[in-house]
Amino acid sequence: LYSFLKARVPLSMFSLVFNLLEKNGEEYHYKSFSEVDHDLYVMLTDPENYLFDSIDERNIGQLNFSSGKLFGRGEHVSELINAYNRVTSAEGSSEIVLVSGYSGAGKSALVKQAQNSFNEKDGFFLCGKFDQLQHVEPLSAIVDAFSGLCHEIMKKDAATRDQIRSAIQENVGSETGFLINLIPMLRNIIEVPVTETIQIGAREAQNRVKVVFRLFLRALATPDRPLVLFLDDLQWADPVSLEVMKSLVMDTEDSSFLFIGSYRENEVSKTHLLGKALIDIEKNKTVITKIKVGDLKKEYTNSLVSEILQMSPHSSQPLAEVIHRKTSGNVLFVLQFIRSLFDEGLLRFSFSTKRWQWDTATIE
């Protein structure tokens with residue numbers, strides 16, 4: 001029977017039948033019909049990962065880290081999408097979403113998941129990431145984000161490019177050359193003479209930078225073309241970038257603009273540069289949605305382990321419980337721990353039984 005099943009049914013279904021027939025010590029693996037029903041439901045609602053063709057056995061025995069699925073984050077994703085929907089409504093508005101959590105909690109992955117819904121509308125999604133080693137380089141993440149936008153604009157048809165070019169020239173006006181000095185990639189869209197070299201450290205220059213970015217954003221973010229700016233790792237942002245961020249999110253003339261910022265909450269106090277900037281923004285009575293991304297609950301850790309091993313949640317639960325105790329449900333730590341178990345041979349796939357095997361006592 002086992003040989004017949006192994007040759008003709010998907011691995012997850014084979015494991016389910018095997019667990020129904022075999023005992024784990026003195027007890028059967030499944031203790032109730034509801035447990036069997038739950039595993040069948042998971043397989044049927046995600047056939048791509050659980051009921052794939054058993055002939056090619058899609059990378060059988062390998063860890064599946066590529067699905068990109070999130071577990072236990074549905075409410076947070078909805079909050080991001082709701083904020084975007086408000087911004088892109090007929091009235092048009094500007095809002096801020098602050099995503100906080102410890103390193104490895106999955107803040108960036110959360111925003112990336114919501115981005116799929118943002119892309120359904122003909123808008124722009126800009127993304128920049130601050131680097132601890134580039135802290136002394138002003139505006140690095142913001143310039144990267146708007147440079148990426150320039151690439152996206154160049155992909156548009158000629159009529160759209162002309163429309164955007166005209167809007168920038170009309171709003172930014174004589175400061176267009178100064179803006180291109182800040183964002184050289186913009187020269188591919190607008191040809192103007194190069195102006196003087198910028199010394200961003202000077203107070204007068206910083207004020208000018210804030211003004212020109214405000215004008216630039218007003219030209220880009222419209223009800224027909226909403227704009228999302230996501231800046232990651234704000235805890236490493238330089239002072240000039242934080243001033244520009246404050247200027248953009250506090251601009252009452254902005255519309256159809258959503259700012260999303262993520263940061264490590266354990267590294268930001270009220271006296272931190274970012275902490276002070278957020279206090280100033282809150283005093284401005286700007287609409288702010290705060291999302292705190294915590295560790296996964298035990299059930300969602302199991303869902304993640306089940307996804308990676310492509311086995312039923314019931315079968316993966318014993319291993320997931322150990323992993324959860326070791327990692328406290330931090331997503332990055334879970335992924336790293338599973339990889340280390342696999343690399344060290346503590347988690348291995350048996351091609352004879354077509355099942356993942358591990359020794360809980362050894363892992364503990």
# chains A, B, ... in the order shown; residues from 1 in each chain; ligands from 1
$ residues_around --residues "Val211 of chain A" --least-positions-apart "4" --cutoff "8 Å" --atoms "only C-alpha atoms" --output "MDAnalysis selection string"
chainID A and resid 207 215 247
$ residues_around --residues "Gln132 of chain A" --least-positions-apart "6" --cutoff "12 Å" --atoms "only C-alpha atoms" --output "PDB file with all heavy atoms, in the first residue's frame"
ATOM      1  N   SER A 140      20.308  59.746   1.526  1.00  0.00           N
ATOM      2  CA  SER A 140      20.622  58.564   0.704  1.00  0.00           C
ATOM      3  C   SER A 140      19.380  57.756   0.346  1.00  0.00           C
ATOM      4  O   SER A 140      19.146  57.432  -0.826  1.00  0.00           O
ATOM      5  CB  SER A 140      21.638  57.676   1.419  1.00  0.00           C
ATOM      6  OG  SER A 140      21.132  57.245   2.687  1.00  0.00           O
ATOM      7  N   ALA A 141      18.552  57.418   1.338  1.00  0.00           N
ATOM      8  CA  ALA A 141      17.378  56.587   1.080  1.00  0.00           C
ATOM      9  C   ALA A 141      16.323  57.334   0.276  1.00  0.00           C
ATOM     10  O   ALA A 141      15.662  56.752  -0.598  1.00  0.00           O
ATOM     11  CB  ALA A 141      16.785  56.097   2.398  1.00  0.00           C
ATOM     12  N   ASP A 232      12.423  52.558   4.881  1.00  0.00           N
ATOM     13  CA  ASP A 232      12.711  51.461   5.806  1.00  0.00           C
ATOM     14  C   ASP A 232      13.899  51.817   6.703  1.00  0.00           C
ATOM     15  O   ASP A 232      14.789  52.572   6.315  1.00  0.00           O
ATOM     16  CB  ASP A 232      13.023  50.205   4.986  1.00  0.00           C
ATOM     17  CG  ASP A 232      12.882  48.935   5.797  1.00  0.00           C
ATOM     18  OD1 ASP A 232      12.491  49.016   6.978  1.00  0.00           O
ATOM     19  OD2 ASP A 232      13.155  47.848   5.246  1.00  0.00           O
ATOM     20  N   ASP A 233      13.889  51.247   7.907  1.00  0.00           N
ATOM     21  CA  ASP A 233      14.985  51.454   8.878  1.00  0.00           C
ATOM     22  C   ASP A 233      15.190  52.932   9.204  1.00  0.00           C
ATOM     23  O   ASP A 233      16.316  53.455   9.160  1.00  0.00           O
ATOM     24  CB  ASP A 233      16.288  50.826   8.367  1.00  0.00           C
ATOM     25  CG  ASP A 233      16.322  49.319   8.575  1.00  0.00           C
ATOM     26  OD1 ASP A 233      15.728  48.853   9.566  1.00  0.00           O
ATOM     27  OD2 ASP A 233      16.924  48.605   7.753  1.00  0.00           O
ATOM     28  N   LEU A 234      14.110  53.599   9.564  1.00  0.00           N
ATOM     29  CA  LEU A 234      14.176  55.024   9.892  1.00  0.00           C
ATOM     30  C   LEU A 234      15.060  55.308  11.106  1.00  0.00           C
ATOM     31  O   LEU A 234      15.487  56.450  11.303  1.00  0.00           O
ATOM     32  CB  LEU A 234      12.767  55.565  10.164  1.00  0.00           C
ATOM     33  CG  LEU A 234      11.893  55.864   8.950  1.00  0.00           C
ATOM     34  CD1 LEU A 234      10.484  56.216   9.392  1.00  0.00           C
ATOM     35  CD2 LEU A 234      12.490  57.001   8.130  1.00  0.00           C
ATOM     36  N   GLN A 235      15.323  54.306  11.922  1.00  0.00           N
ATOM     37  CA  GLN A 235      16.167  54.538  13.108  1.00  0.00           C
ATOM     38  C   GLN A 235      17.577  54.956  12.704  1.00  0.00           C
ATOM     39  O   GLN A 235      18.330  55.502  13.506  1.00  0.00           O
ATOM     40  CB  GLN A 235      16.207  53.296  14.005  1.00  0.00           C
ATOM     41  CG  GLN A 235      17.046  52.128  13.501  1.00  0.00           C
ATOM     42  CD  GLN A 235      16.304  51.257  12.502  1.00  0.00           C
ATOM     43  OE1 GLN A 235      15.117  51.462  12.250  1.00  0.00           O
ATOM     44  NE2 GLN A 235      16.979  50.263  11.948  1.00  0.00           N
ATOM     45  N   TRP A 236      17.959  54.707  11.433  1.00  0.00           N
ATOM     46  CA  TRP A 236      19.294  55.086  10.948  1.00  0.00           C
ATOM     47  C   TRP A 236      19.249  56.319  10.039  1.00  0.00           C
ATOM     48  O   TRP A 236      20.258  56.650   9.408  1.00  0.00           O
ATOM     49  CB  TRP A 236      19.928  53.916  10.204  1.00  0.00           C
ATOM     50  CG  TRP A 236      20.252  52.762  11.097  1.00  0.00           C
ATOM     51  CD1 TRP A 236      20.649  52.817  12.407  1.00  0.00           C
ATOM     52  CD2 TRP A 236      20.220  51.374  10.756  1.00  0.00           C
ATOM     53  NE1 TRP A 236      20.868  51.553  12.903  1.00  0.00           N
ATOM     54  CE2 TRP A 236      20.608  50.636  11.907  1.00  0.00           C
ATOM     55  CE3 TRP A 236      19.915  50.664   9.605  1.00  0.00           C
ATOM     56  CZ2 TRP A 236      20.687  49.245  11.936  1.00  0.00           C
ATOM     57  CZ3 TRP A 236      19.982  49.277   9.624  1.00  0.00           C
ATOM     58  CH2 TRP A 236      20.370  48.581  10.781  1.00  0.00           C
ATOM     59  N   ALA A 237      18.107  56.970   9.954  1.00  0.00           N
ATOM     60  CA  ALA A 237      17.995  58.133   9.065  1.00  0.00           C
ATOM     61  C   ALA A 237      18.860  59.292   9.563  1.00  0.00           C
ATOM     62  O   ALA A 237      18.972  59.532  10.768  1.00  0.00           O
ATOM     63  CB  ALA A 237      16.536  58.568   8.968  1.00  0.00           C
ATOM     64  N   ASP A 238      19.453  60.015   8.630  1.00  0.00           N
ATOM     65  CA  ASP A 238      20.263  61.186   8.973  1.00  0.00           C
ATOM     66  C   ASP A 238      19.344  62.364   9.298  1.00  0.00           C
ATOM     67  O   ASP A 238      18.155  62.366   8.934  1.00  0.00           O
ATOM     68  CB  ASP A 238      21.174  61.538   7.801  1.00  0.00           C
ATOM     69  CG  ASP A 238      20.391  61.842   6.537  1.00  0.00           C
ATOM     70  OD1 ASP A 238      20.045  60.884   5.813  1.00  0.00           O
ATOM     71  OD2 ASP A 238      20.108  63.024   6.295  1.00  0.00           O
TER      72      ASP A 238
END
$ select_by_dssp --residues "segment 61-287 of chain A" --states "strand (DSSP E)" --output "list in words"
Ser94, Glu95, Ile96, Val97, Leu98, Val99, Ser100, Gly101, Phe124, Phe125, Leu126, Cys127, Gly128, Lys129, Leu227, Val228, Leu229, Phe230, Leu231, Asp232, Phe257, Leu258, Phe259, Ile260, Gly261, Ser262, Tyr263 and Arg264 of chain A
$ residues_around --residues "Asn171 of chain A" --least-positions-apart "2" --cutoff "7 Å" --atoms "only C-alpha atoms" --output "JSON, numbers by chain"
{"A": [167, 168, 169, 173, 215, 216, 219]}
$ write_last_selection --atoms "C-alpha atoms" --output "PDB file, in the first residue's frame"
ATOM      1  CA  ALA A 167       3.595  69.013 -13.846  1.00  0.00           C
ATOM      2  CA  ILE A 168       7.120  69.015 -12.401  1.00  0.00           C
ATOM      3  CA  GLN A 169       8.154  72.105 -14.332  1.00  0.00           C
ATOM      4  CA  GLY A 173       9.645  76.020 -11.583  1.00  0.00           C
ATOM      5  CA  LEU A 215       6.978  71.035  -4.635  1.00  0.00           C
ATOM      6  CA  PHE A 216       8.200  67.870  -6.358  1.00  0.00           C
ATOM      7  CA  ALA A 219       3.569  67.550  -8.826  1.00  0.00           C
TER       8      ALA A 219
END
$ closest_atom_pairs --of "segment 246-362 of chain A" --to "segment 63-75 of chain A" --cutoff "7 Å" --atoms "only C-alpha atoms" --output "CSV"
residue,atom,partner,partner_atom,distance
A:Leu296,CA,A:Gly72,CA,6.7
A:Tyr300,CA,A:Phe71,CA,5.6
A:Ser303,CA,A:Phe71,CA,6.9
A:Leu304,CA,A:Phe71,CA,6.7
A:Ile308,CA,A:Asn64,CA,4.4
A:Leu309,CA,A:Leu63,CA,5.7
$ write_last_selection --atoms "N, CA, C and O atoms" --output "short mmCIF file (atom, residue, chain, number, x, y, z; two decimals), in the first residue's frame"
data_model
loop_
_atom_site.label_atom_id
_atom_site.label_comp_id
_atom_site.auth_asym_id
_atom_site.auth_seq_id
_atom_site.Cartn_x
_atom_site.Cartn_y
_atom_site.Cartn_z
N LEU A 296 5.45 35.95 16.13
CA LEU A 296 4.35 35.08 15.73
C LEU A 296 3.82 34.28 16.92
O LEU A 296 4.59 33.86 17.79
N TYR A 300 0.88 30.31 14.30
CA TYR A 300 1.39 30.87 13.05
C TYR A 300 2.82 30.43 12.79
O TYR A 300 3.24 30.33 11.63
N SER A 303 2.26 27.30 11.08
CA SER A 303 1.84 27.51 9.69
C SER A 303 3.05 27.80 8.81
O SER A 303 3.14 27.31 7.68
N LEU A 304 3.99 28.58 9.33
CA LEU A 304 5.20 28.91 8.58
C LEU A 304 6.07 27.67 8.38
O LEU A 304 6.56 27.42 7.27
N ILE A 308 7.11 25.84 4.80
CA ILE A 308 8.50 25.63 4.39
C ILE A 308 8.78 24.16 4.09
O ILE A 308 9.48 23.83 3.13
N LEU A 309 8.21 23.28 4.91
CA LEU A 309 8.45 21.84 4.72
C LEU A 309 7.43 21.19 3.80
O LEU A 309 7.56 20.01 3.46
#
$ closest_atom_pairs --of "segment 197-299 of chain A" --to "segment 92-109 of chain A" --cutoff "6 Å" --atoms "only C-alpha atoms" --output "tab-separated table"
residue	atom	partner	partner_atom	distance
A:Ser255	CA	A:Ser93	CA	4.6
A:Ser256	CA	A:Gly92	CA	5.1
A:Phe257	CA	A:Ser94	CA	4.7
A:Leu258	CA	A:Glu95	CA	5.1
A:Phe259	CA	A:Ile96	CA	4.8
A:Ile260	CA	A:Val97	CA	4.8
A:Gly261	CA	A:Leu98	CA	5.0
A:Ser262	CA	A:Val99	CA	4.5
A:Tyr263	CA	A:Ser100	CA	5.2
A:Arg264	CA	A:Tyr102	CA	5.2
A:Glu265	CA	A:Gly101	CA	5.4
A:Val287	CA	A:Glu95	CA	5.3
A:Ile288	CA	A:Ile96	CA	4.8
A:Thr289	CA	A:Val97	CA	4.6
A:Lys290	CA	A:Leu98	CA	4.9
A:Ile291	CA	A:Val99	CA	4.8
A:Lys292	CA	A:Ser100	CA	4.9
A:Val293	CA	A:Gly101	CA	4.9
$ select_by_dssp --residues "segment 65-311 of chain A" --states "alpha helix (DSSP H)" --output "number ranges by chain"
A: 74-87, 107-118, 140-154, 158-172, 176-182, 203-220, 239-249, 273-283, 298-309
$ closest_residue --among "A:Gly128, A:Gly123, A:Gly61, A:Pro138" --to "Val240 of chain A" --atoms "only C-alpha atoms"
A:Pro138
$ residues_around --residues "segment 34-39 of chain A" --least-positions-apart "4" --cutoff "10 Å" --atoms "only C-alpha atoms" --output "list in words"
Ser12, Met13, Leu16, Val17, Asn19, Leu20, His29, Tyr30, Met43, Leu44, Met311, Ser312, Pro313, His314 and Ser315 of chain A
$ atom_distance --atom1 "atom CA of Val192 of chain A" --atom2 "atom CA of Asp254 of chain A"
25.4 Å
$ atom_distance --atom1 "atom CA of Val331 of chain A" --atom2 "atom CA of Ala277 of chain A"
28.7 Å
$ atom_distance --atom1 "atom CA of Pro318 of chain A" --atom2 "atom CA of Asn302 of chain A"
8.8 Å
$ residues_around --residues "Lys276 of chain A" --least-positions-apart "4" --cutoff "12 Å" --atoms "only C-alpha atoms" --output "PyMOL selection string"
chain A and resi 235+239+242-243+246+268-272+280-283
$ write_last_selection --atoms "N, CA, C and O atoms" --output "PDB file, in the first residue's frame"
ATOM      1  N   GLN A 235      15.323  54.306  11.922  1.00  0.00           N
ATOM      2  CA  GLN A 235      16.167  54.538  13.108  1.00  0.00           C
ATOM      3  C   GLN A 235      17.577  54.956  12.704  1.00  0.00           C
ATOM      4  O   GLN A 235      18.330  55.502  13.506  1.00  0.00           O
ATOM      5  N   PRO A 239      19.846  63.391   9.969  1.00  0.00           N
ATOM      6  CA  PRO A 239      19.014  64.535  10.377  1.00  0.00           C
ATOM      7  C   PRO A 239      18.327  65.240   9.213  1.00  0.00           C
ATOM      8  O   PRO A 239      17.157  65.635   9.325  1.00  0.00           O
ATOM      9  N   LEU A 242      15.316  63.247   8.006  1.00  0.00           N
ATOM     10  CA  LEU A 242      14.192  63.349   8.939  1.00  0.00           C
ATOM     11  C   LEU A 242      13.482  64.692   8.787  1.00  0.00           C
ATOM     12  O   LEU A 242      12.244  64.766   8.885  1.00  0.00           O
ATOM     13  N   GLU A 243      14.238  65.747   8.525  1.00  0.00           N
ATOM     14  CA  GLU A 243      13.626  67.055   8.306  1.00  0.00           C
ATOM     15  C   GLU A 243      12.793  67.051   7.023  1.00  0.00           C
ATOM     16  O   GLU A 243      11.688  67.611   6.971  1.00  0.00           O
ATOM     17  N   LYS A 246       9.583  65.040   7.695  1.00  0.00           N
ATOM     18  CA  LYS A 246       8.619  65.857   8.434  1.00  0.00           C
ATOM     19  C   LYS A 246       7.961  66.880   7.513  1.00  0.00           C
ATOM     20  O   LYS A 246       6.733  67.099   7.561  1.00  0.00           O
ATOM     21  N   VAL A 268      14.664  53.167  19.323  1.00  0.00           N
ATOM     22  CA  VAL A 268      14.194  54.553  19.214  1.00  0.00           C
ATOM     23  C   VAL A 268      13.510  54.983  20.511  1.00  0.00           C
ATOM     24  O   VAL A 268      12.463  54.447  20.876  1.00  0.00           O
ATOM     25  N   SER A 269      14.112  55.954  21.180  1.00  0.00           N
ATOM     26  CA  SER A 269      13.517  56.526  22.390  1.00  0.00           C
ATOM     27  C   SER A 269      12.981  57.920  22.061  1.00  0.00           C
ATOM     28  O   SER A 269      13.117  58.411  20.939  1.00  0.00           O
ATOM     29  N   LYS A 270      12.394  58.579  23.041  1.00  0.00           N
ATOM     30  CA  LYS A 270      11.862  59.930  22.831  1.00  0.00           C
ATOM     31  C   LYS A 270      12.973  60.944  22.565  1.00  0.00           C
ATOM     32  O   LYS A 270      12.727  61.998  21.971  1.00  0.00           O
ATOM     33  N   THR A 271      14.184  60.621  23.006  1.00  0.00           N
ATOM     34  CA  THR A 271      15.306  61.537  22.789  1.00  0.00           C
ATOM     35  C   THR A 271      16.085  61.217  21.504  1.00  0.00           C
ATOM     36  O   THR A 271      16.975  61.967  21.127  1.00  0.00           O
ATOM     37  N   HIS A 272      15.748  60.114  20.867  1.00  0.00           N
ATOM     38  CA  HIS A 272      16.366  59.744  19.597  1.00  0.00           C
ATOM     39  C   HIS A 272      15.913  60.750  18.535  1.00  0.00           C
ATOM     40  O   HIS A 272      14.815  61.312  18.614  1.00  0.00           O
ATOM     41  N   ASP A 280       7.044  65.673  16.871  1.00  0.00           N
ATOM     42  CA  ASP A 280       6.679  66.886  16.126  1.00  0.00           C
ATOM     43  C   ASP A 280       5.533  66.600  15.148  1.00  0.00           C
ATOM     44  O   ASP A 280       4.615  67.418  15.000  1.00  0.00           O
ATOM     45  N   ILE A 281       5.582  65.446  14.496  1.00  0.00           N
ATOM     46  CA  ILE A 281       4.536  65.087  13.531  1.00  0.00           C
ATOM     47  C   ILE A 281       3.199  64.895  14.236  1.00  0.00           C
ATOM     48  O   ILE A 281       2.146  65.343  13.756  1.00  0.00           O
ATOM     49  N   GLU A 282       3.222  64.245  15.397  1.00  0.00           N
ATOM     50  CA  GLU A 282       1.992  64.016  16.145  1.00  0.00           C
ATOM     51  C   GLU A 282       1.380  65.333  16.623  1.00  0.00           C
ATOM     52  O   GLU A 282       0.157  65.493  16.650  1.00  0.00           O
ATOM     53  N   LYS A 283       2.209  66.291  16.978  1.00  0.00           N
ATOM     54  CA  LYS A 283       1.716  67.602  17.405  1.00  0.00           C
ATOM     55  C   LYS A 283       1.001  68.325  16.261  1.00  0.00           C
ATOM     56  O   LYS A 283       0.133  69.165  16.485  1.00  0.00           O
TER      57      LYS A 283
END
$ closest_residue --among "A:Glu307, A:Asp122, A:Glu344, A:Glu175" --to "Leu227 of chain A" --atoms "only C-alpha atoms"
A:Asp122
